[in-house]
Amino acid sequence: QVHLVESGGGLVQAGGSLRLSCAASGSIVSMNTMGWYRQAPGKQRELVAAITSGGNTNYADSVKGRFTISRDNAKNTVYLQMNSLKPEDTAIYYCRMRDVTTETLNWGQGTQVTVSS
């Protein structure tokens, strides 16, 4: 069992920054991909950014150049640095871990990010 806990969400003005963290605990395998997803009211959950255990990253087009995903494997923690935030970034942000061997998915409980105009 893997337990994911997100933190760092909050209310920020447009143009501001936030840093999200997701700490993983439990039965963590070394080969995993960590990702940040978000879900705005009335919309489907979407990928924001992901990073493999080797450090390869990919981003949604809407956040490229503004968001940076990183991870500390020693701490089993993944981060999402969000700069130049826009009102359309407002959503609940979820952390996800994917075991690349078994394809098992684990999700965090989510953290609210609200960007005011």
# chains A, B, ... in the order shown; residues from 1 in each chain; ligands from 1

call {"tool": "residues_around", "arguments": {"residues": "segment 62-74 of chain A", "least_positions_apart": "3", "cutoff": "12 Å", "atoms": "only C-alpha atoms", "output": "MDAnalysis selection string"}}
result
chainID A and resid 15:25 28:38 46:59 77:86 88:89 95 97

call {"tool": "residues_around", "arguments": {"residues": "Val113 of chain A", "least_positions_apart": "5", "cutoff": "7 Å", "atoms": "only C-alpha atoms", "output": "PyMOL selection string"}}
result
chain A and resi 9-11+90-93

call {"tool": "write_last_selection", "arguments": {"atoms": "C-alpha atoms", "output": "PDB file, in the first residue's frame"}}
result
ATOM      1  CA  GLY A   9      -1.958  24.561  -2.163  1.00  0.00           C
ATOM      2  CA  GLY A  10      -3.678  27.824  -1.393  1.00  0.00           C
ATOM      3  CA  LEU A  11      -4.952  31.128  -2.702  1.00  0.00           C
ATOM      4  CA  THR A  90      -7.520  27.035 -10.449  1.00  0.00           C
ATOM      5  CA  ALA A  91      -8.293  23.405  -9.636  1.00  0.00           C
ATOM      6  CA  ILE A  92      -7.766  20.621  -7.180  1.00  0.00           C
ATOM      7  CA  TYR A  93      -4.281  19.234  -7.776  1.00  0.00           C
TER       8      TYR A  93
END

call {"tool": "closest_residue", "arguments": {"among": "A:Ser7, A:Ser27, A:Gln13, A:Gln1", "to": "Ser116 of chain A", "atoms": "only C-alpha atoms"}}
result
A:Gln13

call {"tool": "select_by_dssp", "arguments": {"residues": "chain A", "states": "strand (DSSP E)", "output": "PyMOL selection string"}}
result
chain A and resi 2-7+10-13+18-26+32-39+46-52+57-59+67-72+77-82+91-99+105-107+111-116

call {"tool": "closest_residue", "arguments": {"among": "A:Arg96, A:Gln109, A:Pro87, A:Asp61", "to": "Ala14 of chain A", "atoms": "only C-alpha atoms"}}
result
A:Pro87

call {"tool": "closest_residue", "arguments": {"among": "A:His3, A:Ala60, A:Arg45, A:Tyr94", "to": "Gly110 of chain A", "atoms": "only C-alpha atoms"}}
result
A:Tyr94

call {"tool": "decode", "arguments": {"residues": "segment 26-55 of chain A", "atoms": "N, CA, C and O atoms", "output": "PDB file, in the first residue's frame"}}
result
ATOM      1  N   GLY A  26       5.057   4.075   2.498  1.00  0.00           N
ATOM      2  CA  GLY A  26       4.522   2.728   2.333  1.00  0.00           C
ATOM      3  C   GLY A  26       5.401   1.874   1.435  1.00  0.00           C
ATOM      4  O   GLY A  26       6.607   2.041   1.399  1.00  0.00           O
ATOM      5  N   SER A  27       4.770   0.980   0.687  1.00  0.00           N
ATOM      6  CA  SER A  27       5.478   0.013  -0.152  1.00  0.00           C
ATOM      7  C   SER A  27       5.801   0.645  -1.513  1.00  0.00           C
ATOM      8  O   SER A  27       5.115   0.416  -2.511  1.00  0.00           O
ATOM      9  N   ILE A  28       6.871   1.414  -1.541  1.00  0.00           N
ATOM     10  CA  ILE A  28       7.245   2.156  -2.740  1.00  0.00           C
ATOM     11  C   ILE A  28       8.281   1.387  -3.536  1.00  0.00           C
ATOM     12  O   ILE A  28       9.313   0.992  -2.996  1.00  0.00           O
ATOM     13  N   VAL A  29       7.998   1.182  -4.805  1.00  0.00           N
ATOM     14  CA  VAL A  29       8.961   0.527  -5.672  1.00  0.00           C
ATOM     15  C   VAL A  29       9.840   1.598  -6.308  1.00  0.00           C
ATOM     16  O   VAL A  29       9.419   2.739  -6.495  1.00  0.00           O
ATOM     17  N   SER A  30      11.055   1.206  -6.675  1.00  0.00           N
ATOM     18  CA  SER A  30      11.991   2.192  -7.209  1.00  0.00           C
ATOM     19  C   SER A  30      11.598   2.660  -8.607  1.00  0.00           C
ATOM     20  O   SER A  30      11.820   3.812  -8.978  1.00  0.00           O
ATOM     21  N   MET A  31      11.007   1.739  -9.396  1.00  0.00           N
ATOM     22  CA  MET A  31      10.628   2.099 -10.769  1.00  0.00           C
ATOM     23  C   MET A  31       9.190   2.614 -10.755  1.00  0.00           C
ATOM     24  O   MET A  31       8.233   1.856 -10.804  1.00  0.00           O
ATOM     25  N   ASN A  32       9.067   3.926 -10.656  1.00  0.00           N
ATOM     26  CA  ASN A  32       7.731   4.510 -10.651  1.00  0.00           C
ATOM     27  C   ASN A  32       7.752   5.855 -11.365  1.00  0.00           C
ATOM     28  O   ASN A  32       8.802   6.492 -11.495  1.00  0.00           O
ATOM     29  N   THR A  33       6.600   6.232 -11.816  1.00  0.00           N
ATOM     30  CA  THR A  33       6.419   7.558 -12.392  1.00  0.00           C
ATOM     31  C   THR A  33       5.505   8.348 -11.478  1.00  0.00           C
ATOM     32  O   THR A  33       4.454   7.840 -11.060  1.00  0.00           O
ATOM     33  N   MET A  34       5.903   9.553 -11.161  1.00  0.00           N
ATOM     34  CA  MET A  34       5.099  10.433 -10.327  1.00  0.00           C
ATOM     35  C   MET A  34       4.506  11.517 -11.214  1.00  0.00           C
ATOM     36  O   MET A  34       5.165  12.037 -12.116  1.00  0.00           O
ATOM     37  N   GLY A  35       3.280  11.857 -10.930  1.00  0.00           N
ATOM     38  CA  GLY A  35       2.627  12.880 -11.750  1.00  0.00           C
ATOM     39  C   GLY A  35       1.720  13.780 -10.941  1.00  0.00           C
ATOM     40  O   GLY A  35       1.267  13.413  -9.852  1.00  0.00           O
ATOM     41  N   TRP A  36       1.508  14.951 -11.475  1.00  0.00           N
ATOM     42  CA  TRP A  36       0.534  15.888 -10.939  1.00  0.00           C
ATOM     43  C   TRP A  36      -0.610  16.014 -11.945  1.00  0.00           C
ATOM     44  O   TRP A  36      -0.364  16.214 -13.149  1.00  0.00           O
ATOM     45  N   TYR A  37      -1.801  15.881 -11.449  1.00  0.00           N
ATOM     46  CA  TYR A  37      -3.009  16.033 -12.241  1.00  0.00           C
ATOM     47  C   TYR A  37      -3.855  17.124 -11.589  1.00  0.00           C
ATOM     48  O   TYR A  37      -3.665  17.446 -10.421  1.00  0.00           O
ATOM     49  N   ARG A  38      -4.778  17.662 -12.350  1.00  0.00           N
ATOM     50  CA  ARG A  38      -5.680  18.652 -11.776  1.00  0.00           C
ATOM     51  C   ARG A  38      -7.086  18.473 -12.328  1.00  0.00           C
ATOM     52  O   ARG A  38      -7.276  17.980 -13.439  1.00  0.00           O
ATOM     53  N   GLN A  39      -8.029  18.906 -11.516  1.00  0.00           N
ATOM     54  CA  GLN A  39      -9.434  18.835 -11.925  1.00  0.00           C
ATOM     55  C   GLN A  39     -10.141  20.112 -11.498  1.00  0.00           C
ATOM     56  O   GLN A  39     -10.221  20.406 -10.298  1.00  0.00           O
ATOM     57  N   ALA A  40     -10.613  20.833 -12.489  1.00  0.00           N
ATOM     58  CA  ALA A  40     -11.383  22.046 -12.238  1.00  0.00           C
ATOM     59  C   ALA A  40     -12.865  21.690 -12.187  1.00  0.00           C
ATOM     60  O   ALA A  40     -13.272  20.665 -12.742  1.00  0.00           O
ATOM     61  N   PRO A  41     -13.677  22.507 -11.542  1.00  0.00           N
ATOM     62  CA  PRO A  41     -15.114  22.223 -11.464  1.00  0.00           C
ATOM     63  C   PRO A  41     -15.735  22.025 -12.846  1.00  0.00           C
ATOM     64  O   PRO A  41     -15.526  22.833 -13.749  1.00  0.00           O
ATOM     65  N   GLY A  42     -16.447  20.927 -13.013  1.00  0.00           N
ATOM     66  CA  GLY A  42     -17.124  20.654 -14.271  1.00  0.00           C
ATOM     67  C   GLY A  42     -16.230  20.133 -15.376  1.00  0.00           C
ATOM     68  O   GLY A  42     -16.687  19.961 -16.515  1.00  0.00           O
ATOM     69  N   LYS A  43     -14.972  19.899 -15.064  1.00  0.00           N
ATOM     70  CA  LYS A  43     -14.042  19.417 -16.083  1.00  0.00           C
ATOM     71  C   LYS A  43     -13.447  18.077 -15.680  1.00  0.00           C
ATOM     72  O   LYS A  43     -13.468  17.697 -14.515  1.00  0.00           O
ATOM     73  N   GLN A  44     -12.882  17.386 -16.671  1.00  0.00           N
ATOM     74  CA  GLN A  44     -12.242  16.115 -16.394  1.00  0.00           C
ATOM     75  C   GLN A  44     -10.853  16.342 -15.791  1.00  0.00           C
ATOM     76  O   GLN A  44     -10.229  17.383 -16.012  1.00  0.00           O
ATOM     77  N   ARG A  45     -10.407  15.358 -15.057  1.00  0.00           N
ATOM     78  CA  ARG A  45      -9.067  15.415 -14.508  1.00  0.00           C
ATOM     79  C   ARG A  45      -8.076  15.332 -15.658  1.00  0.00           C
ATOM     80  O   ARG A  45      -8.233  14.527 -16.581  1.00  0.00           O
ATOM     81  N   GLU A  46      -7.029  16.161 -15.597  1.00  0.00           N
ATOM     82  CA  GLU A  46      -6.048  16.202 -16.678  1.00  0.00           C
ATOM     83  C   GLU A  46      -4.634  16.145 -16.127  1.00  0.00           C
ATOM     84  O   GLU A  46      -4.361  16.601 -15.013  1.00  0.00           O
ATOM     85  N   LEU A  47      -3.739  15.632 -16.941  1.00  0.00           N
ATOM     86  CA  LEU A  47      -2.328  15.593 -16.570  1.00  0.00           C
ATOM     87  C   LEU A  47      -1.755  16.997 -16.630  1.00  0.00           C
ATOM     88  O   LEU A  47      -1.969  17.737 -17.594  1.00  0.00           O
ATOM     89  N   VAL A  48      -0.999  17.342 -15.609  1.00  0.00           N
ATOM     90  CA  VAL A  48      -0.271  18.604 -15.583  1.00  0.00           C
ATOM     91  C   VAL A  48       1.198  18.363 -15.923  1.00  0.00           C
ATOM     92  O   VAL A  48       1.760  18.991 -16.813  1.00  0.00           O
ATOM     93  N   ALA A  49       1.802  17.432 -15.198  1.00  0.00           N
ATOM     94  CA  ALA A  49       3.212  17.126 -15.410  1.00  0.00           C
ATOM     95  C   ALA A  49       3.512  15.772 -14.802  1.00  0.00           C
ATOM     96  O   ALA A  49       2.856  15.349 -13.851  1.00  0.00           O
ATOM     97  N   ALA A  50       4.537  15.112 -15.349  1.00  0.00           N
ATOM     98  CA  ALA A  50       4.942  13.816 -14.825  1.00  0.00           C
ATOM     99  C   ALA A  50       6.454  13.702 -14.896  1.00  0.00           C
ATOM    100  O   ALA A  50       7.103  14.366 -15.717  1.00  0.00           O
ATOM    101  N   ILE A  51       6.994  12.846 -14.030  1.00  0.00           N
ATOM    102  CA  ILE A  51       8.428  12.642 -13.994  1.00  0.00           C
ATOM    103  C   ILE A  51       8.706  11.182 -13.658  1.00  0.00           C
ATOM    104  O   ILE A  51       8.101  10.604 -12.759  1.00  0.00           O
ATOM    105  N   THR A  52       9.621  10.578 -14.419  1.00  0.00           N
ATOM    106  CA  THR A  52       9.975   9.185 -14.171  1.00  0.00           C
ATOM    107  C   THR A  52      11.013   9.096 -13.048  1.00  0.00           C
ATOM    108  O   THR A  52      11.589  10.114 -12.633  1.00  0.00           O
ATOM    109  N   SER A  53      11.278   7.880 -12.598  1.00  0.00           N
ATOM    110  CA  SER A  53      12.288   7.695 -11.567  1.00  0.00           C
ATOM    111  C   SER A  53      13.658   8.114 -12.068  1.00  0.00           C
ATOM    112  O   SER A  53      14.541   8.456 -11.270  1.00  0.00           O
ATOM    113  N   GLY A  54      13.856   8.109 -13.375  1.00  0.00           N
ATOM    114  CA  GLY A  54      15.121   8.532 -13.962  1.00  0.00           C
ATOM    115  C   GLY A  54      15.213  10.019 -14.232  1.00  0.00           C
ATOM    116  O   GLY A  54      16.258  10.511 -14.668  1.00  0.00           O
ATOM    117  N   GLY A  55      14.102  10.730 -14.015  1.00  0.00           N
ATOM    118  CA  GLY A  55      14.118  12.175 -14.158  1.00  0.00           C
ATOM    119  C   GLY A  55      13.578  12.713 -15.471  1.00  0.00           C
ATOM    120  O   GLY A  55      13.599  13.929 -15.709  1.00  0.00           O
TER     121      GLY A  55
END
